[in-house]
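So this one's entry-v6.txt, compact mmCIF, C-alpha atoms:
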```
# COMPACT_ATOMS: atom_id res chain seq x y z
CA MET A 69 63.20 -64.15 21.63
CA LYS A 70 61.97 -61.82 24.35
CA PRO A 71 60.72 -63.11 27.74
CA PHE A 72 57.00 -63.92 28.11
CA ALA A 73 54.64 -65.50 30.61
CA TYR A 74 53.49 -69.03 29.82
CA HIS A 75 50.07 -70.49 30.63
CA GLN A 76 48.71 -73.96 29.94
CA PRO A 77 45.00 -74.03 30.83
CA ASP A 78 43.01 -77.26 30.70
CA ARG A 79 39.59 -75.66 30.15
CA ILE A 80 38.38 -73.50 27.26
CA PRO A 81 36.79 -70.84 29.56
CA ASP A 82 40.12 -70.47 31.38
CA ALA A 83 41.99 -70.08 28.07
CA ALA A 84 39.48 -67.49 26.86
CA LYS A 85 39.72 -65.56 30.12
CA LEU A 86 43.52 -65.44 29.91
CA LEU A 87 43.34 -64.35 26.28
CA THR A 88 41.10 -61.39 27.06
CA SER A 89 42.68 -60.39 30.37
CA ILE A 90 46.28 -60.27 29.13
CA GLY A 91 46.51 -57.69 26.36
CA ASP A 92 48.26 -58.83 23.15
CA SER A 93 48.67 -62.38 24.44
CA LYS A 94 48.79 -65.19 21.86
CA LEU A 95 47.33 -68.68 21.64
CA VAL A 96 49.67 -71.56 20.84
CA ALA A 97 48.28 -74.64 19.10
CA GLY A 98 51.07 -76.33 17.12
CA GLY A 99 53.26 -73.22 17.12
CA MET A 100 54.42 -73.75 13.55
CA THR A 101 53.99 -70.08 12.68
CA LEU A 102 54.13 -68.40 16.08
CA ILE A 103 57.39 -69.85 17.36
CA PRO A 104 59.47 -68.82 14.30
CA THR A 105 57.83 -65.39 14.50
CA LEU A 106 58.92 -65.05 18.13
CA LYS A 107 62.45 -66.22 17.32
CA GLN A 108 62.76 -63.55 14.66
CA ARG A 109 61.36 -60.97 17.10
CA LEU A 110 58.59 -60.09 14.68
CA ALA A 111 56.19 -60.40 17.63
CA SER A 112 56.70 -60.06 21.36
CA PRO A 113 53.48 -60.99 23.19
CA PRO A 114 53.55 -60.64 26.99
CA ALA A 115 52.07 -64.13 27.38
CA LEU A 116 51.56 -67.39 25.48
CA ILE A 117 48.49 -69.50 26.17
CA ASP A 118 49.23 -73.10 25.23
CA LEU A 119 46.16 -75.13 24.20
CA SER A 120 47.90 -78.52 24.26
CA LYS A 121 46.11 -79.66 27.43
CA LEU A 122 42.71 -79.27 25.77
CA GLY A 123 42.72 -82.87 24.60
CA HIS A 124 39.00 -82.90 23.89
CA LEU A 125 39.66 -80.54 20.97
CA LYS A 126 41.49 -83.32 19.15
CA GLY A 127 39.77 -85.99 17.05
CA ILE A 128 37.58 -86.69 14.03
CA SER A 129 33.92 -87.73 14.03
CA ASP A 130 31.26 -88.43 11.44
CA ASP A 131 27.48 -88.16 11.51
CA GLY A 132 26.93 -89.28 7.94
CA ALA A 133 26.45 -85.93 6.21
CA THR A 134 29.12 -84.02 8.13
CA LEU A 135 32.71 -84.63 9.16
CA THR A 136 33.84 -82.79 12.31
CA ILE A 137 37.52 -82.27 13.03
CA GLY A 138 38.65 -80.95 16.39
CA ALA A 139 40.74 -77.78 16.27
CA MET A 140 43.78 -79.37 17.92
CA THR A 141 43.92 -82.28 15.46
CA PRO A 142 47.34 -82.36 13.73
CA HIS A 143 47.62 -82.33 9.94
CA ALA A 144 49.24 -85.79 9.97
CA ILE A 145 46.21 -87.28 11.75
CA VAL A 146 43.84 -85.79 9.17
CA ALA A 147 46.00 -87.02 6.30
CA ALA A 148 46.19 -90.57 7.69
CA SER A 149 42.58 -90.83 8.85
CA LYS A 150 40.69 -93.67 7.13
CA LEU A 151 37.48 -91.79 7.90
CA VAL A 152 38.63 -88.61 6.14
CA GLN A 153 40.07 -90.64 3.27
CA ALA A 154 36.72 -92.37 2.81
CA LYS A 155 34.44 -89.35 3.28
CA ILE A 156 36.46 -86.44 1.85
CA PRO A 157 39.62 -87.83 0.22
CA GLY A 158 40.43 -84.39 -1.19
CA LEU A 159 40.75 -83.04 2.36
CA ALA A 160 43.04 -85.90 3.39
CA ALA A 161 45.16 -85.18 0.31
CA LEU A 162 45.32 -81.48 1.20
CA ALA A 163 46.52 -82.28 4.74
CA SER A 164 49.22 -84.58 3.33
CA MET A 165 50.64 -81.70 1.25
CA ILE A 166 51.15 -79.29 4.15
CA GLY A 167 54.80 -78.50 4.93
CA ASP A 168 57.03 -81.44 5.79
CA PRO A 169 56.53 -84.40 8.20
CA ALA A 170 57.64 -82.36 11.23
CA VAL A 171 55.14 -79.60 10.45
CA ARG A 172 52.34 -82.10 9.81
CA ILE A 173 52.95 -83.82 13.15
CA ARG A 174 52.88 -80.58 15.17
CA GLY A 175 50.69 -78.21 13.18
CA THR A 176 46.93 -78.21 13.82
CA ILE A 177 43.91 -77.48 11.67
CA GLY A 178 42.56 -74.91 14.13
CA GLY A 179 45.85 -73.05 14.29
CA SER A 180 46.14 -72.93 10.51
CA VAL A 181 42.59 -71.67 10.01
CA ALA A 182 42.84 -69.07 12.79
CA ASN A 183 46.16 -67.77 11.45
CA ASN A 184 44.75 -67.50 7.91
CA ASP A 185 48.09 -67.24 6.15
CA PRO A 186 47.36 -66.20 2.54
CA ALA A 187 49.42 -69.15 1.25
CA ALA A 188 48.16 -71.80 3.69
CA ASP A 189 46.34 -74.89 2.43
CA TYR A 190 43.51 -75.37 4.94
CA PRO A 191 41.67 -72.11 4.17
CA ALA A 192 41.10 -73.42 0.62
CA GLY A 193 39.64 -76.64 2.00
CA VAL A 194 37.44 -74.85 4.53
CA LEU A 195 36.10 -72.34 2.01
CA GLY A 196 35.93 -74.82 -0.86
CA LEU A 197 33.83 -77.24 1.18
CA GLY A 198 31.66 -74.50 2.67
CA ALA A 199 32.61 -75.65 6.16
CA THR A 200 31.47 -74.20 9.48
CA VAL A 201 34.03 -72.91 11.96
CA VAL A 202 32.87 -73.77 15.49
CA THR A 203 34.23 -71.55 18.24
CA SER A 204 33.95 -71.26 21.99
CA THR A 205 30.99 -68.89 21.56
CA ARG A 206 29.32 -69.46 18.16
CA GLU A 207 29.41 -70.98 14.67
CA ILE A 208 30.77 -69.09 11.64
CA ALA A 209 30.17 -70.04 8.01
CA ALA A 210 33.34 -70.24 5.94
CA ASP A 211 32.10 -67.58 3.51
CA GLY A 212 32.07 -65.05 6.35
CA PHE A 213 35.13 -66.24 8.26
CA PHE A 214 38.14 -65.28 6.13
CA ARG A 215 38.60 -61.53 5.82
CA GLY A 216 41.92 -60.99 4.07
CA LEU A 217 45.59 -61.06 4.99
CA PHE A 218 45.87 -62.87 8.35
CA GLU A 219 42.40 -61.57 9.28
CA THR A 220 39.35 -63.60 10.31
CA ALA A 221 35.96 -63.04 11.91
CA LEU A 222 37.24 -64.22 15.30
CA GLU A 223 36.51 -61.81 18.14
CA PRO A 224 38.86 -61.16 21.09
CA GLY A 225 38.82 -64.16 23.39
CA GLU A 226 37.14 -66.40 20.83
CA ILE A 227 38.78 -69.79 20.30
CA ILE A 228 38.20 -72.26 17.46
CA THR A 229 37.10 -75.61 18.87
CA ALA A 230 36.24 -77.58 15.71
CA ILE A 231 35.52 -77.38 12.00
CA ARG A 232 32.48 -79.08 10.49
CA PHE A 233 32.79 -80.15 6.86
CA PRO A 234 29.75 -81.15 4.79
CA VAL A 235 30.54 -84.32 2.86
CA PRO A 236 30.60 -83.57 -0.89
CA LEU A 237 29.86 -85.84 -3.80
CA LYS A 238 33.42 -85.29 -5.03
CA ALA A 239 36.34 -83.09 -4.00
CA GLY A 240 39.95 -82.55 -4.97
CA TYR A 241 42.91 -80.31 -4.20
CA ALA A 242 45.95 -79.38 -6.24
CA LYS A 243 48.73 -76.91 -5.54
CA PHE A 244 51.89 -75.51 -7.04
CA LYS A 245 54.18 -75.19 -4.06
CA ALA A 246 57.19 -73.07 -3.22
CA PRO A 247 60.13 -75.52 -3.14
CA ALA A 248 61.58 -74.39 0.20
CA SER A 249 58.55 -73.58 2.33
CA ARG A 250 56.05 -75.87 0.58
CA TYR A 251 53.48 -73.10 0.94
CA ALA A 252 51.12 -72.74 -2.00
CA LEU A 253 52.12 -70.34 -4.75
CA VAL A 254 48.65 -71.32 -5.88
CA GLY A 255 46.40 -74.01 -4.44
CA VAL A 256 42.87 -74.80 -5.62
CA PHE A 257 40.21 -76.84 -3.83
CA VAL A 258 37.19 -77.99 -5.82
CA ALA A 259 34.09 -79.58 -4.26
CA LYS A 260 30.98 -80.88 -5.99
CA PHE A 261 27.67 -80.95 -4.10
CA ALA A 262 24.16 -81.84 -5.22
CA ASP A 263 23.31 -78.13 -5.53
CA GLY A 264 26.49 -76.99 -7.29
CA VAL A 265 30.27 -76.68 -7.19
CA ARG A 266 32.57 -74.56 -5.02
CA VAL A 267 36.08 -73.51 -6.08
CA ALA A 268 38.46 -71.90 -3.57
CA VAL A 269 41.93 -70.52 -4.28
CA THR A 270 44.79 -69.97 -1.83
CA GLY A 271 48.26 -68.52 -2.37
CA ALA A 272 47.30 -66.29 -5.28
CA GLY A 273 46.22 -63.16 -3.40
CA SER A 274 45.98 -61.54 0.02
CA GLY A 275 43.59 -64.25 1.17
CA VAL A 276 41.59 -67.26 0.08
CA PHE A 277 38.83 -66.53 -2.46
CA ARG A 278 36.21 -68.25 -4.60
CA VAL A 279 35.98 -68.27 -8.41
CA PRO A 280 32.30 -67.96 -9.49
CA PRO A 281 32.92 -68.42 -13.26
CA MET A 282 34.60 -71.76 -12.59
CA GLU A 283 31.88 -72.77 -10.16
CA GLU A 284 29.21 -72.07 -12.76
CA ALA A 285 31.06 -73.92 -15.52
CA LEU A 286 31.76 -76.96 -13.35
CA SER A 287 28.18 -77.04 -12.10
CA ARG A 288 27.14 -77.53 -15.73
CA SER A 289 29.87 -80.04 -16.52
CA PHE A 290 32.22 -81.39 -13.86
CA ASP A 291 35.18 -81.94 -16.13
CA PRO A 292 38.57 -80.18 -16.48
CA SER A 293 37.69 -79.15 -20.03
CA ALA A 294 34.81 -77.04 -18.71
CA ILE A 295 37.22 -74.52 -17.17
CA ALA A 296 40.18 -74.79 -19.53
CA ALA A 297 39.36 -71.50 -21.26
CA ILE A 298 38.62 -69.50 -18.10
CA ARG A 299 41.19 -66.82 -17.38
CA ILE A 300 41.59 -65.19 -13.97
CA ASP A 301 41.86 -61.41 -13.66
CA THR A 302 45.26 -60.41 -12.29
CA GLU A 303 43.86 -57.49 -10.31
CA GLY A 304 44.40 -58.16 -6.62
CA LEU A 305 46.71 -61.12 -7.22
CA THR A 306 50.13 -61.26 -5.58
CA SER A 307 53.40 -60.46 -7.34
CA ASP A 308 56.55 -61.30 -5.41
CA ILE A 309 59.97 -62.92 -5.77
CA HIS A 310 58.31 -66.32 -6.29
CA ALA A 311 55.83 -65.48 -9.05
CA GLU A 312 54.24 -62.54 -10.83
CA ALA A 313 50.47 -61.98 -10.76
CA ASP A 314 49.99 -63.08 -14.37
CA TYR A 315 51.76 -66.36 -13.69
CA ARG A 316 49.65 -66.96 -10.59
CA ALA A 317 46.53 -66.24 -12.67
CA HIS A 318 47.65 -68.89 -15.15
CA LEU A 319 48.33 -71.34 -12.30
CA VAL A 320 44.81 -70.93 -10.92
CA THR A 321 43.35 -72.45 -14.08
CA VAL A 322 46.01 -75.17 -14.25
CA MET A 323 45.58 -76.15 -10.60
CA ALA A 324 41.79 -76.01 -10.85
CA LYS A 325 41.88 -78.48 -13.74
CA ARG A 326 44.18 -80.76 -11.73
CA ALA A 327 41.90 -80.49 -8.70
CA VAL A 328 38.93 -81.60 -10.81
CA ASP A 329 41.02 -84.49 -12.16
CA ALA A 330 41.89 -85.44 -8.58
CA ALA A 331 38.23 -85.32 -7.55
CA LEU A 332 37.21 -87.53 -10.47
CA SER A 333 39.91 -90.08 -9.72
```

Show me this structure written as structure tokens.
Amino acid sequence: MKPFAYHQPDRIPDAAKLLTSIGDSKLVAGGMTLIPTLKQRLASPPALIDLSKLGHLKGISDDGATLTIGAMTPHAIVAASKLVQAKIPGLAALASMIGDPAVRIRGTIGGSVANNDPAADYPAGVLGLGATVVTSTREIAADGFFRGLFETALEPGEIITAIRFPVPLKAGYAKFKAPASRYALVGVFVAKFADGVRVAVTGAGSGVFRVPPMEEALSRSFDPSAIAAIRIDTEGLTSDIHAEADYRAHLVTVMAKRAVDAALS
């Protein structure tokens, strides 16, 4: 690990100013991705800006129709929250499947969403629920936030402060995980709303994506049998040492059916 400057601001404007004034500097939330990256010398930022003193970015609130989760809220808190379990049990289940206990205690929802790892769980929940990403300067709809491999709509100096999730009628998540990393080879989040169904897939390609044919079928009949015959095109899907594209395509349908089962139960 190469030397770097370390800053720990206690105000969002100060963090944003540091981020823009020090070229190539990096934000640290839980550090679950960044710290291993630094250790392997895959990145060498001149400065780290630690957000751990921004305590007001941690917590979960509810206004009836919307659940708001602060960006610095750890996965373990989301998974154990009685409020999340009552309002969006599929989201609590998703958080409980992330990594191992150590990762869930340290990792944060804001860090995961900002990093946008193509095999991370939270992007599927954010996109599947049609959430709104709240930042230090604006609000970004989930459909316009994720832009491919580790890319998002965040501008330089922009910091995620919270994520607002509309409360669905039903929601569920299922994933086929890599045994060692527990990242999703394929993960599918399904959410039913009064005006239709959203289906979001992570792990299968270069970024999270929706599946319109499944959304249309489930909007007509919210049952696993409605999507059993739907096959996913392998174009654009990932082939690697863990799974070929055709196997991931098969898993999308399998996991989607399980996600619907989870939502119904």

key: Selection near A:Arg326, 10 Å with all atoms listed in the file, sequence-local residues under 2 positions removed, as a PyMOL selection string   = chain A and resi 240-243+256-258+292+320-324+328-332

Could you save the residues just selected, with C-alpha atoms, as an mmCIF file, keeping the file's coordinate frame?
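The new file part.cif reads:
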```cif
data_model
loop_
_atom_site.group_PDB
_atom_site.id
_atom_site.type_symbol
_atom_site.label_atom_id
_atom_site.label_comp_id
_atom_site.auth_asym_id
_atom_site.auth_seq_id
_atom_site.Cartn_x
_atom_site.Cartn_y
_atom_site.Cartn_z
ATOM 1 C CA GLY A 240 39.950 -82.550 -4.970
ATOM 2 C CA TYR A 241 42.910 -80.310 -4.200
ATOM 3 C CA ALA A 242 45.950 -79.380 -6.240
ATOM 4 C CA LYS A 243 48.730 -76.910 -5.540
ATOM 5 C CA VAL A 256 42.870 -74.800 -5.620
ATOM 6 C CA PHE A 257 40.210 -76.840 -3.830
ATOM 7 C CA VAL A 258 37.190 -77.990 -5.820
ATOM 8 C CA PRO A 292 38.570 -80.180 -16.480
ATOM 9 C CA VAL A 320 44.810 -70.930 -10.920
ATOM 10 C CA THR A 321 43.350 -72.450 -14.080
ATOM 11 C CA VAL A 322 46.010 -75.170 -14.250
ATOM 12 C CA MET A 323 45.580 -76.150 -10.600
ATOM 13 C CA ALA A 324 41.790 -76.010 -10.850
ATOM 14 C CA VAL A 328 38.930 -81.600 -10.810
ATOM 15 C CA ASP A 329 41.020 -84.490 -12.160
ATOM 16 C CA ALA A 330 41.890 -85.440 -8.580
ATOM 17 C CA ALA A 331 38.230 -85.320 -7.550
ATOM 18 C CA LEU A 332 37.210 -87.530 -10.470
#
```

key: Atomic distance atom CA of A:Asp211 - atom CA of A:Pro280, expressed in Å with one decimal   =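 Interatomic distance here is 13.0 Å.
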
inquiry  = So, with all atoms listed in the file as the atoms that count, which of A:Phe233, A:Phe218, A:Phe244, A:Tyr251 lies closest to A:Ser274?
reply    =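 Nearest to A:Ser274: A:Phe218.
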
Nearest to A:Ala294, chosen from A:Ala268, A:Ile117, A:His318, A:Met282, with all atoms listed in the file counted in the distances =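 Between A:Ala268, A:Ile117, A:His318, A:Met282, the residue approaching A:Ala294 most closely is A:Met282.
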
Nearby residues (all atoms listed in the file) at most 10 Å from stretch 222-224 of chain A, same-chain spacing under 6 positions excluded, as an mmCIF file with C-alpha atoms, in the frame of the given file:
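Wrote it out as out37.cif, contents follow:
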```cif
data_model
loop_
_atom_site.group_PDB
_atom_site.id
_atom_site.type_symbol
_atom_site.label_atom_id
_atom_site.label_comp_id
_atom_site.auth_asym_id
_atom_site.auth_seq_id
_atom_site.Cartn_x
_atom_site.Cartn_y
_atom_site.Cartn_z
ATOM 1 C CA ALA A 84 39.480 -67.490 26.860
ATOM 2 C CA LEU A 87 43.340 -64.350 26.280
ATOM 3 C CA THR A 88 41.100 -61.390 27.060
ATOM 4 C CA GLY A 91 46.510 -57.690 26.360
ATOM 5 C CA ASP A 92 48.260 -58.830 23.150
ATOM 6 C CA ALA A 182 42.840 -69.070 12.790
ATOM 7 C CA VAL A 201 34.030 -72.910 11.960
ATOM 8 C CA THR A 203 34.230 -71.550 18.240
ATOM 9 C CA THR A 205 30.990 -68.890 21.560
ATOM 10 C CA ARG A 206 29.320 -69.460 18.160
ATOM 11 C CA ILE A 208 30.770 -69.090 11.640
ATOM 12 C CA PHE A 213 35.130 -66.240 8.260
ATOM 13 C CA PHE A 214 38.140 -65.280 6.130
ATOM 14 C CA ARG A 215 38.600 -61.530 5.820
#
```
